[in-house]
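For reference, input_35.cif is printed below; it contains mmCIF, C-alpha atoms.
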data_model
#
loop_
_atom_site.label_atom_id
_atom_site.label_comp_id
_atom_site.auth_asym_id
_atom_site.auth_seq_id
_atom_site.Cartn_x
_atom_site.Cartn_y
_atom_site.Cartn_z
CA MET A 22 -28.95 19.77 -23.75
CA MET A 23 -30.48 20.42 -27.17
CA LEU A 24 -26.94 20.47 -28.50
CA PHE A 25 -26.58 16.79 -27.75
CA THR A 26 -29.42 15.64 -29.98
CA ILE A 27 -27.07 15.13 -32.90
CA PRO A 28 -26.86 11.77 -34.74
CA ILE A 29 -23.77 10.49 -32.94
CA PHE A 30 -25.57 10.62 -29.61
CA SER A 31 -28.48 8.59 -30.86
CA GLN A 32 -25.96 6.04 -32.10
CA LEU A 33 -24.33 6.00 -28.70
CA GLU A 34 -27.76 5.44 -27.22
CA THR A 35 -28.29 2.43 -29.49
CA VAL A 36 -24.97 0.92 -28.43
CA MET A 37 -25.80 1.43 -24.77
CA LYS A 38 -29.21 -0.09 -25.34
CA HIS A 39 -27.64 -3.28 -26.69
CA VAL A 40 -25.08 -3.44 -23.90
CA LEU A 41 -27.72 -3.09 -21.17
CA LEU A 42 -29.96 -5.58 -22.93
CA TRP A 43 -27.10 -8.08 -23.11
CA PHE A 44 -26.44 -7.74 -19.40
CA HIS A 45 -30.13 -8.11 -18.66
CA THR A 46 -30.98 -11.04 -20.94
CA SER A 47 -27.72 -12.99 -21.16
CA LEU A 48 -26.46 -12.52 -17.64
CA HIS A 49 -29.96 -12.29 -16.12
CA LEU A 50 -29.04 -9.19 -14.18
CA PRO A 51 -31.79 -6.84 -13.02
CA TRP A 52 -31.78 -3.53 -14.94
CA ALA A 53 -30.09 -1.62 -12.12
CA TRP A 54 -27.31 -4.18 -11.85
CA ALA A 55 -26.93 -4.12 -15.63
CA ILE A 56 -25.91 -0.46 -15.24
CA VAL A 57 -23.43 -1.39 -12.51
CA GLY A 58 -22.09 -4.16 -14.76
CA THR A 59 -21.67 -1.77 -17.69
CA THR A 60 -19.80 0.67 -15.48
CA VAL A 61 -17.47 -2.04 -14.21
CA VAL A 62 -16.74 -3.22 -17.77
CA VAL A 63 -15.98 0.35 -18.88
CA ARG A 64 -13.62 0.86 -15.98
CA MET A 65 -11.98 -2.50 -16.60
CA LEU A 66 -11.32 -1.46 -20.19
CA LEU A 67 -9.60 1.64 -18.85
CA VAL A 68 -7.35 -0.36 -16.53
CA PRO A 69 -4.35 -0.39 -18.93
CA LEU A 70 -4.42 3.39 -18.84
CA THR A 71 -4.57 3.26 -15.05
CA ILE A 72 -1.60 0.93 -14.78
CA LYS A 73 0.46 3.48 -16.65
CA GLN A 74 -0.74 6.08 -14.18
CA ILE A 75 0.33 3.86 -11.27
CA HIS A 76 3.80 3.54 -12.75
CA SER A 77 4.16 7.27 -13.09
CA MET A 78 2.97 7.72 -9.50
CA GLN A 79 5.63 5.25 -8.40
CA SER A 80 8.37 7.10 -10.20
CA LEU A 81 6.99 10.35 -8.84
CA GLN A 82 7.40 9.04 -5.31
CA ARG A 83 10.83 7.68 -6.06
CA HIS A 84 11.95 11.14 -7.15
CA ALA A 85 10.12 12.97 -4.37
CA PRO A 86 13.26 14.00 -2.42
CA GLN A 87 14.86 15.57 -5.50
CA MET A 88 11.63 17.35 -6.36
CA LYS A 89 11.38 18.73 -2.86
CA GLU A 90 14.89 20.05 -3.23
CA ILE A 91 13.91 21.85 -6.44
CA GLN A 92 10.86 23.30 -4.72
CA LYS A 93 13.00 24.53 -1.86
CA LYS A 94 15.62 25.97 -4.17
CA TYR A 95 13.14 28.11 -6.10
CA LYS A 96 10.79 28.82 -3.26
CA GLY A 97 10.34 32.50 -4.03
CA ASP A 98 9.98 32.17 -7.80
CA LYS A 99 6.97 30.04 -8.62
CA GLN A 100 7.37 30.37 -12.38
CA ARG A 101 10.97 29.20 -12.25
CA GLN A 102 9.98 26.45 -9.83
CA ASN A 103 7.39 25.12 -12.28
CA GLU A 104 9.81 25.34 -15.17
CA GLU A 105 12.50 23.46 -13.28
CA LEU A 106 9.99 20.83 -12.17
CA MET A 107 8.75 20.38 -15.74
CA LYS A 108 12.37 19.99 -16.86
CA PHE A 109 12.96 17.45 -14.12
CA TYR A 110 9.85 15.50 -15.19
CA ARG A 111 11.07 15.45 -18.75
CA GLU A 112 14.56 14.33 -17.83
CA ASN A 113 13.28 11.53 -15.63
CA GLN A 114 10.32 10.64 -17.86
CA ILE A 115 7.71 11.28 -15.20
CA ASN A 116 4.07 12.00 -15.98
CA PRO A 117 3.10 14.35 -13.22
CA ALA A 118 -0.58 14.92 -13.93
CA ALA A 119 -3.51 12.85 -15.03
CA SER A 120 -4.33 12.96 -18.71
CA CYS A 121 -7.58 14.04 -20.31
CA LEU A 122 -8.13 11.10 -22.65
CA PRO A 123 -9.12 8.39 -20.11
CA MET A 124 -11.57 10.79 -18.50
CA LEU A 125 -12.97 11.81 -21.86
CA LEU A 126 -13.47 8.20 -22.91
CA GLN A 127 -16.06 7.93 -20.16
CA LEU A 128 -18.00 10.85 -21.55
CA PRO A 129 -19.75 8.95 -24.40
CA VAL A 130 -20.79 6.25 -21.93
CA PHE A 131 -22.26 8.85 -19.67
CA ILE A 132 -24.18 10.59 -22.46
CA ALA A 133 -25.41 7.26 -23.86
CA LEU A 134 -26.65 6.18 -20.46
CA TYR A 135 -28.38 9.51 -19.92
CA TYR A 136 -30.37 9.17 -23.13
CA THR A 137 -31.08 5.48 -22.66
CA LEU A 138 -32.51 6.10 -19.20
CA LYS A 139 -34.41 9.18 -20.31
CA SER A 140 -36.52 7.18 -22.75
CA PHE A 141 -36.23 3.86 -20.97
CA ASP A 142 -39.81 2.76 -21.74
CA GLN A 143 -39.31 3.25 -25.48
CA ASN A 144 -35.88 1.66 -25.49
CA PHE A 145 -36.97 -1.37 -23.52
CA PRO A 146 -40.69 -1.94 -23.97
CA GLN A 147 -40.27 -5.36 -22.41
CA SER A 148 -39.23 -3.74 -19.12
CA LYS A 149 -42.83 -2.78 -18.31
CA GLY A 150 -43.80 -4.36 -15.05
CA GLN A 151 -40.28 -5.66 -14.52
CA ASP A 152 -38.14 -4.96 -11.49
CA LEU A 153 -36.42 -1.60 -11.93
CA SER A 154 -35.36 -1.22 -8.32
CA TRP A 155 -31.91 -1.24 -6.82
CA LEU A 156 -31.12 -2.66 -3.38
CA HIS A 157 -34.73 -2.03 -2.32
CA PHE A 158 -34.24 1.64 -1.53
CA ILE A 159 -34.43 2.88 -5.12
CA PRO A 160 -37.77 1.65 -6.43
CA ASP A 161 -37.21 2.86 -10.01
CA ILE A 162 -33.89 3.77 -11.62
CA THR A 163 -35.54 5.73 -14.41
CA VAL A 164 -37.19 8.39 -12.23
CA HIS A 165 -35.50 11.57 -11.02
CA THR A 166 -33.25 10.92 -8.09
CA THR A 167 -35.17 13.21 -5.77
CA ALA A 168 -38.53 11.67 -6.65
CA VAL A 169 -38.01 8.93 -4.08
CA TRP A 170 -36.58 9.04 -0.55
CA GLY A 171 -33.95 6.46 -1.47
CA GLY A 172 -32.69 8.94 -4.04
CA TYR A 173 -31.55 11.26 -1.25
CA VAL A 174 -29.57 8.41 0.27
CA LEU A 175 -28.04 7.77 -3.15
CA LEU A 176 -27.15 11.46 -3.44
CA VAL A 177 -25.41 11.38 -0.06
CA VAL A 178 -23.48 8.30 -1.19
CA TYR A 179 -22.67 10.14 -4.42
CA VAL A 180 -21.26 13.17 -2.58
CA ALA A 181 -19.17 10.97 -0.29
CA SER A 182 -17.89 8.80 -3.13
CA GLN A 183 -17.16 11.81 -5.34
CA MET A 184 -15.17 13.46 -2.56
CA ALA A 185 -13.26 10.26 -1.93
CA SER A 186 -12.57 9.75 -5.63
CA SER A 187 -11.43 13.37 -6.02
CA TYR A 188 -9.10 12.79 -3.10
CA PHE A 189 -7.46 9.88 -4.88
CA MET A 190 -7.54 11.39 -8.36
CA MET A 191 -5.96 14.68 -7.43
CA THR A 192 -2.43 15.08 -8.59
CA THR A 193 -2.19 18.77 -7.94
CA ALA A 194 -0.31 20.02 -4.93
CA ASP A 195 -2.08 23.37 -5.02
CA LYS A 196 -4.03 23.59 -1.77
CA MET A 197 -6.68 25.93 -3.14
CA GLN A 198 -7.39 23.60 -6.05
CA ARG A 199 -7.56 20.60 -3.76
CA VAL A 200 -10.14 22.27 -1.55
CA LEU A 201 -12.13 23.33 -4.61
CA PHE A 202 -12.23 19.77 -5.98
CA MET A 203 -13.37 18.45 -2.62
CA VAL A 204 -16.15 21.02 -2.20
CA MET A 205 -17.42 20.77 -5.79
CA PRO A 206 -19.69 17.72 -5.29
CA LEU A 207 -21.70 19.70 -2.75
CA PHE A 208 -22.70 22.11 -5.49
CA PHE A 209 -23.15 19.53 -8.20
CA VAL A 210 -25.55 17.56 -6.15
CA PHE A 211 -28.23 20.11 -7.08
CA ILE A 212 -27.72 19.44 -10.80
CA ILE A 213 -27.42 15.71 -10.36
CA ALA A 214 -30.68 15.60 -8.40
CA HIS A 215 -32.49 16.11 -11.72
CA PHE A 216 -30.82 13.15 -13.38
CA PRO A 217 -32.38 9.69 -13.45
CA ALA A 218 -31.39 7.57 -10.44
CA GLY A 219 -29.72 5.06 -12.76
CA LEU A 220 -27.25 7.70 -13.90
CA VAL A 221 -26.36 8.55 -10.31
CA LEU A 222 -25.91 4.82 -9.80
CA TYR A 223 -23.42 4.80 -12.66
CA TRP A 224 -21.65 7.73 -11.05
CA VAL A 225 -21.48 6.16 -7.64
CA THR A 226 -20.15 2.89 -9.12
CA THR A 227 -17.46 4.63 -11.16
CA ASN A 228 -16.46 6.71 -8.13
CA LEU A 229 -16.22 3.66 -5.91
CA TRP A 230 -14.09 1.98 -8.58
CA THR A 231 -11.79 5.02 -8.56
CA VAL A 232 -11.57 4.85 -4.78
CA GLY A 233 -10.75 1.13 -4.85
CA GLN A 234 -8.19 1.73 -7.54
CA GLY A 235 -6.75 4.58 -5.53
CA LEU A 236 -6.41 2.40 -2.45
CA ILE A 237 -4.66 -0.35 -4.44
CA THR A 238 -2.44 2.22 -6.15
CA ARG A 239 -1.43 3.69 -2.81
CA ARG A 240 -0.50 0.28 -1.49
CA LEU A 241 1.48 -0.49 -4.63
CA VAL A 242 3.15 2.89 -4.64
CA ALA A 243 4.01 2.58 -0.97
CA LYS A 244 5.32 -0.96 -1.40
CA THR A 245 7.27 -1.13 -4.65
CA PRO A 246 9.58 1.87 -4.72
CA ALA A 247 10.65 1.41 -1.13
CA PRO A 248 12.74 -1.76 -1.50
CA ALA A 249 14.46 -0.76 -4.73
CA PRO A 250 16.07 2.67 -4.45
CA GLU A 251 15.56 3.63 -0.82
CA ARG A 252 17.17 0.57 0.69
CA ARG A 253 19.98 0.86 -1.75
CA SER A 254 20.58 4.41 -0.68
CA SER A 255 20.55 3.37 2.95
CA ARG A 256 22.93 0.57 2.11
CA THR A 257 25.35 2.66 0.14
CA PRO A 258 26.34 5.14 2.85
CA PRO A 259 27.57 2.52 5.32
CA LYS A 260 29.94 1.17 2.68
CA PRO A 261 32.94 3.29 3.63
CA GLU A 262 32.27 2.71 7.33
CA THR A 263 31.91 -1.05 7.19
CA ALA A 264 34.39 -1.65 4.44
CA PRO A 265 37.51 -1.12 6.55
CA ALA A 266 36.08 -3.35 9.23
CA ILE A 267 35.54 -6.15 6.76
CA GLN A 268 38.92 -5.55 5.18
CA GLY A 269 40.48 -6.99 8.25
CA ASP A 270 38.81 -10.31 7.54
CA GLY A 271 40.72 -10.87 4.38
CA ALA A 272 40.96 -9.89 0.77
CA GLN A 273 37.27 -9.95 0.10
CA PRO A 274 36.63 -6.26 -0.55
CA ARG A 275 39.41 -6.11 -3.07
CA GLN A 276 37.62 -8.64 -5.25
CA GLU A 277 35.57 -6.62 -7.64
CA THR A 278 33.54 -9.44 -9.12
CA ALA A 279 29.81 -9.84 -8.71
CA THR A 280 30.30 -12.96 -6.64
CA ALA A 281 32.29 -11.03 -4.12
CA GLN A 282 29.44 -8.57 -3.67
CA GLN A 283 26.93 -11.17 -2.71
CA PRO A 284 28.34 -12.21 0.66
CA ARG A 285 28.73 -8.55 1.50
CA GLN A 286 25.03 -7.99 1.13
CA VAL A 287 24.27 -11.00 3.25
CA ARG A 288 26.52 -9.76 6.01
CA ARG A 289 24.88 -6.39 6.08
CA LYS A 290 21.49 -7.91 6.19
CA LYS A 291 22.54 -9.87 9.25
CA LYS A 292 23.87 -6.75 10.88
CA ARG A 293 20.61 -4.97 10.21
CA THR A 294 18.55 -7.64 11.84
CA SER A 295 20.80 -7.73 14.84
CA ARG A 296 20.48 -3.97 15.24
CA ARG A 297 16.74 -4.21 15.20
CA MET B 25 -14.48 35.68 -34.24
CA ARG B 26 -16.93 34.14 -36.71
CA VAL B 27 -20.14 32.39 -35.74
CA PRO B 28 -18.84 28.80 -36.19
CA SER B 29 -15.79 29.59 -34.05
CA LEU B 30 -18.05 31.14 -31.43
CA LEU B 31 -20.08 27.94 -31.43
CA GLY B 32 -16.92 25.91 -30.92
CA VAL B 33 -15.77 28.06 -28.01
CA GLY B 34 -19.29 27.88 -26.58
CA PHE B 35 -19.16 24.10 -26.79
CA VAL B 36 -15.87 24.02 -24.87
CA TRP B 37 -17.36 26.24 -22.21
CA LEU B 38 -20.42 24.03 -21.99
CA TYR B 39 -18.09 21.09 -21.48
CA ARG B 40 -16.11 22.98 -18.85
CA LEU B 41 -19.22 23.87 -16.86
CA THR B 42 -20.66 20.37 -16.99
CA PHE B 43 -18.44 17.32 -17.43
CA GLY B 44 -15.16 19.12 -16.99
CA ALA B 45 -16.31 20.22 -13.58
CA LEU B 46 -17.91 16.90 -12.71
CA PHE B 47 -14.86 14.82 -13.53
CA PRO B 48 -12.07 16.92 -12.13
CA THR B 49 -8.65 16.18 -13.55
CA THR B 50 -5.62 18.32 -13.98
CA CYS B 51 -4.26 18.26 -17.48
CA LYS B 52 -0.63 17.32 -17.95
CA TYR B 53 -0.19 19.92 -20.65
CA HIS B 54 0.04 23.66 -20.45
CA PRO B 55 -2.27 25.19 -21.63
CA SER B 56 -4.81 22.55 -20.61
CA CYS B 57 -6.67 20.66 -23.33
CA SER B 58 -9.82 22.77 -23.06
CA GLU B 59 -7.86 26.02 -23.10
CA TYR B 60 -5.89 24.69 -26.08
CA ALA B 61 -9.17 23.95 -27.87
CA VAL B 62 -10.44 27.50 -27.29
CA GLN B 63 -7.19 29.03 -28.51
CA ALA B 64 -7.00 26.72 -31.52
CA VAL B 65 -10.57 27.48 -32.62
CA ARG B 66 -10.01 31.20 -32.12
CA ARG B 67 -6.83 31.22 -34.15
CA HIS B 68 -7.56 28.67 -36.87
CA GLY B 69 -11.35 28.58 -37.10
CA LEU B 70 -13.77 25.82 -36.19
CA VAL B 71 -12.65 23.07 -38.58
CA ARG B 72 -8.88 23.32 -38.25
CA GLY B 73 -9.15 24.28 -34.61
CA SER B 74 -11.28 21.23 -33.85
CA VAL B 75 -8.83 18.95 -35.63
CA LEU B 76 -5.95 20.47 -33.65
CA ALA B 77 -7.89 20.13 -30.39
CA GLY B 78 -8.78 16.52 -31.22
CA TRP B 79 -5.15 15.73 -31.94
CA ARG B 80 -4.13 17.32 -28.64
CA LEU B 81 -6.73 15.22 -26.78
CA LEU B 82 -5.31 12.09 -28.34
CA ARG B 83 -1.85 13.16 -27.28
CA CYS B 84 -3.04 13.77 -23.72
CA ASN B 85 -2.79 10.10 -22.78
CA PRO B 86 -0.89 8.33 -20.01
CA TRP B 87 1.95 7.49 -22.37
CA SER B 88 2.75 11.05 -23.34
CA ARG B 89 5.07 13.30 -21.41
CA GLY B 90 2.98 16.45 -21.23
CA GLY B 91 4.50 19.85 -20.66
CA PHE B 92 4.34 23.21 -22.43
CA ASP B 93 2.49 22.88 -25.71
CA PRO B 94 0.96 26.11 -27.07
CA VAL B 95 -1.19 26.46 -30.19
CA ARG B 96 1.03 27.19 -33.16
#

Translate this file's structure into structure tokens.
Amino acid sequence: MMLFTIPIFSQLETVMKHVLLWFHTSLHLPWAWAIVGTTVVVRMLLVPLTIKQIHSMQSLQRHAPQMKEIQKKYKGDKQRQNEELMKFYRENQINPAASCLPMLLQLPVFIALYYTLKSFDQNFPQSKGQDLSWLHFIPDITVHTTAVWGGYVLLVVYVASQMASSYFMMTTADKMQRVLFMVMPLFFVFIIAHFPAGLVLYWVTTNLWTVGQGLITRRLVAKTPAPAPERRSSRTPPKPETAPAIQGDGAQPRQETATAQQPRQVRRKKKRTSRR
Amino acid sequence: MRVPSLLGVGFVWLYRLTFGALFPTTCKYHPSCSEYAVQAVRRHGLVRGSVLAGWRLLRCNPWSRGGFDPVR
């Protein structure tokens, strides 16, 4: 940790100090909630990056059948399989994995918060005697997490939230890697136990944000691609079957204008509902 | 490897063991950003290697395509 005592980190600490102070004095939030507020703002700033991620997840799902085919085709040759998949991603402009930059942007916040909490008394002399608790079970956010019984509860919440967030963040299909990511928090809890409770609070908040985001993403991903390409594909095959049947009605199918296509769609929709 | 380069590689490893492990993500590039940083520092020294690694990190954003991108 000695490595981190370079000027830039003390500057980060100053910025964090002002942000927390703003939350505390202007918004009248208790210190613990000021940390939660800061976390939420940071994650909100990262939302544009997330939206892009959601889009790529949508296109990933849209192309899932083709990708499965590629995986099947090169089942024995993993190297070739990866190459072909990469090629497919490139051709269809899909971003398969998460990128490092959004994650790394959180790093300065984390470091700044660590240092701010470490010397909380010096940073905020006015906080003496003030309420430093969070939800009554953490009496002081500046002490080590394991110093109070509530800290253990917070650690359990951390492990659960970290596992859940890893579950949503994971883009890898490798089973071994997935298991590793899920088990990791169980080991890290021993390191995190030495951090101030406020830092764990930051962690829990950011994890819960990731989980919420993941849930919304899943809903969006499940909803949006379905009506566009999948229905179309289910509509296209019946064309040759139904077309002759309609042909008997008149000259409609021969009309190749857009207006002629509209009633066709309506008819099929009716048929669908009657089938169901 | 010279001392500054060793320091750079050490820094990447420190990152890998701490934050890299705590915020698990899979990089969209191959080699991954941290591996790229190690290779760049080894091949080009601390200063140029760091610049290359920084540039790669900036490229590793949701708008980029990712893929195979070795240190040149």

Item checked: Residue IDs satisfying the PyMOL selection byres ((chain A and resi 75-85) around 7), as a count of residues only -> 13

Check: With only C-alpha atoms as the atoms that count, which of B:Ser74, B:Gly69, B:Gln63, B:Leu41 lies nearest to chain A?
Finding: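 That would be B:Leu41, the residue with the smallest distance to chain A.
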
Counting all atoms listed in the file, give me one row per residue of chain B with an atom at most 10 Å from an atom of chain A, showing the shortest contact pair and its distance in Å to one decimal, sorted by chain then residue number, as CSV.
residue,atom,partner,partner_atom,distance
B:Phe35,CA,A:Leu24,CA,8.8
B:Leu38,CA,A:Met22,CA,9.7
B:Thr42,CA,A:Phe209,CA,9.2
B:Phe43,CA,A:Leu128,CA,7.7
B:Gly44,CA,A:Leu125,CA,9.1
B:Ala45,CA,A:Met205,CA,7.9
B:Leu46,CA,A:Phe209,CA,7.4
B:Phe47,CA,A:Met124,CA,7.2
B:Pro48,CA,A:Phe202,CA,6.8
B:Thr49,CA,A:Ala119,CA,6.3
B:Thr50,CA,A:Ala119,CA,6.0
B:Cys51,CA,A:Ser120,CA,5.4
B:Lys52,CA,A:Ala118,CA,4.7
B:Tyr53,CA,A:Ser120,CA,8.3
B:Ser56,CA,A:Cys121,CA,9.0
B:Cys57,CA,A:Cys121,CA,7.3
B:Ser58,CA,A:Cys121,CA,9.4
B:Arg80,CA,A:Leu122,CA,9.5
B:Leu81,CA,A:Leu122,CA,6.0
B:Leu82,CA,A:Leu122,CA,6.4
B:Arg83,CA,A:Leu122,CA,8.1
B:Cys84,CA,A:Ser120,CA,5.2
B:Asn85,CA,A:Ser120,CA,5.2
B:Pro86,CA,A:Ser120,CA,5.9
B:Trp87,CA,A:Lys73,CA,7.1
B:Ser88,CA,A:Asn116,CA,7.5
B:Arg89,CA,A:Asn116,CA,5.7
B:Gly90,CA,A:Asn116,CA,7.0
B:Gly91,CA,A:Met107,CA,6.5
B:Phe92,CA,A:Met107,CA,8.5

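Atom CA of Thr231 of chain A lies 7.5 Å from atom CA of Phe189 of chain A.
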
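The residues returned by the PyMOL selection byres ((chain A and resi 35) around 12) on the shown structure are A:Pro28, A:Ile29, A:Phe30, A:Ser31, A:Gln32, A:Leu33, A:Glu34, A:Val36, A:Met37, A:Lys38, A:His39, A:Val40, A:Leu41, A:Leu42, A:Pro129, A:Val130, A:Ile132, A:Ala133, A:Leu134, A:Tyr135, A:Tyr136, A:Thr137, A:Leu138, A:Ser140, A:Phe141, A:Gln143, A:Asn144, A:Phe145.
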
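Distances here use only C-alpha atoms; by that measure, the residue among B:Gly32, B:Val75, B:Arg40, B:Asp93 closest to Val62 of chain B is B:Gly32.
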
Coordinates of box centre and edge lengths for segment 33-41 of chain A, 3 Å on every side, axis-aligned, as JSON:
{"center_x": -26.8, "center_y": 1.3, "center_z": -25.3, "size_x": 10.9, "size_y": 15.4, "size_z": 14.3}

Next item on the list: Could you tell me which residues the PyMOL selection byres ((chain B and resi 67) around 12) grabs in this file, written as a ChimeraX atom specification?
Entry: /B:25-26,29-30,32-33,60-66,68-74,76-77,94-96

Item checked: Residues near segment 174-178 of chain A, cut-off 8 Å, all atoms listed in the file, skip fewer than 2 positions along chain, as JSON, numbers by chain -> {"A": [166, 170, 171, 172, 180, 181, 182, 210, 214, 221, 222, 225]}

Check: When you draw a straight line from atom CA of Leu50 of chain A to atom CA of Leu66 of chain A, how long is it in Å?
Finding: 20.2 Å
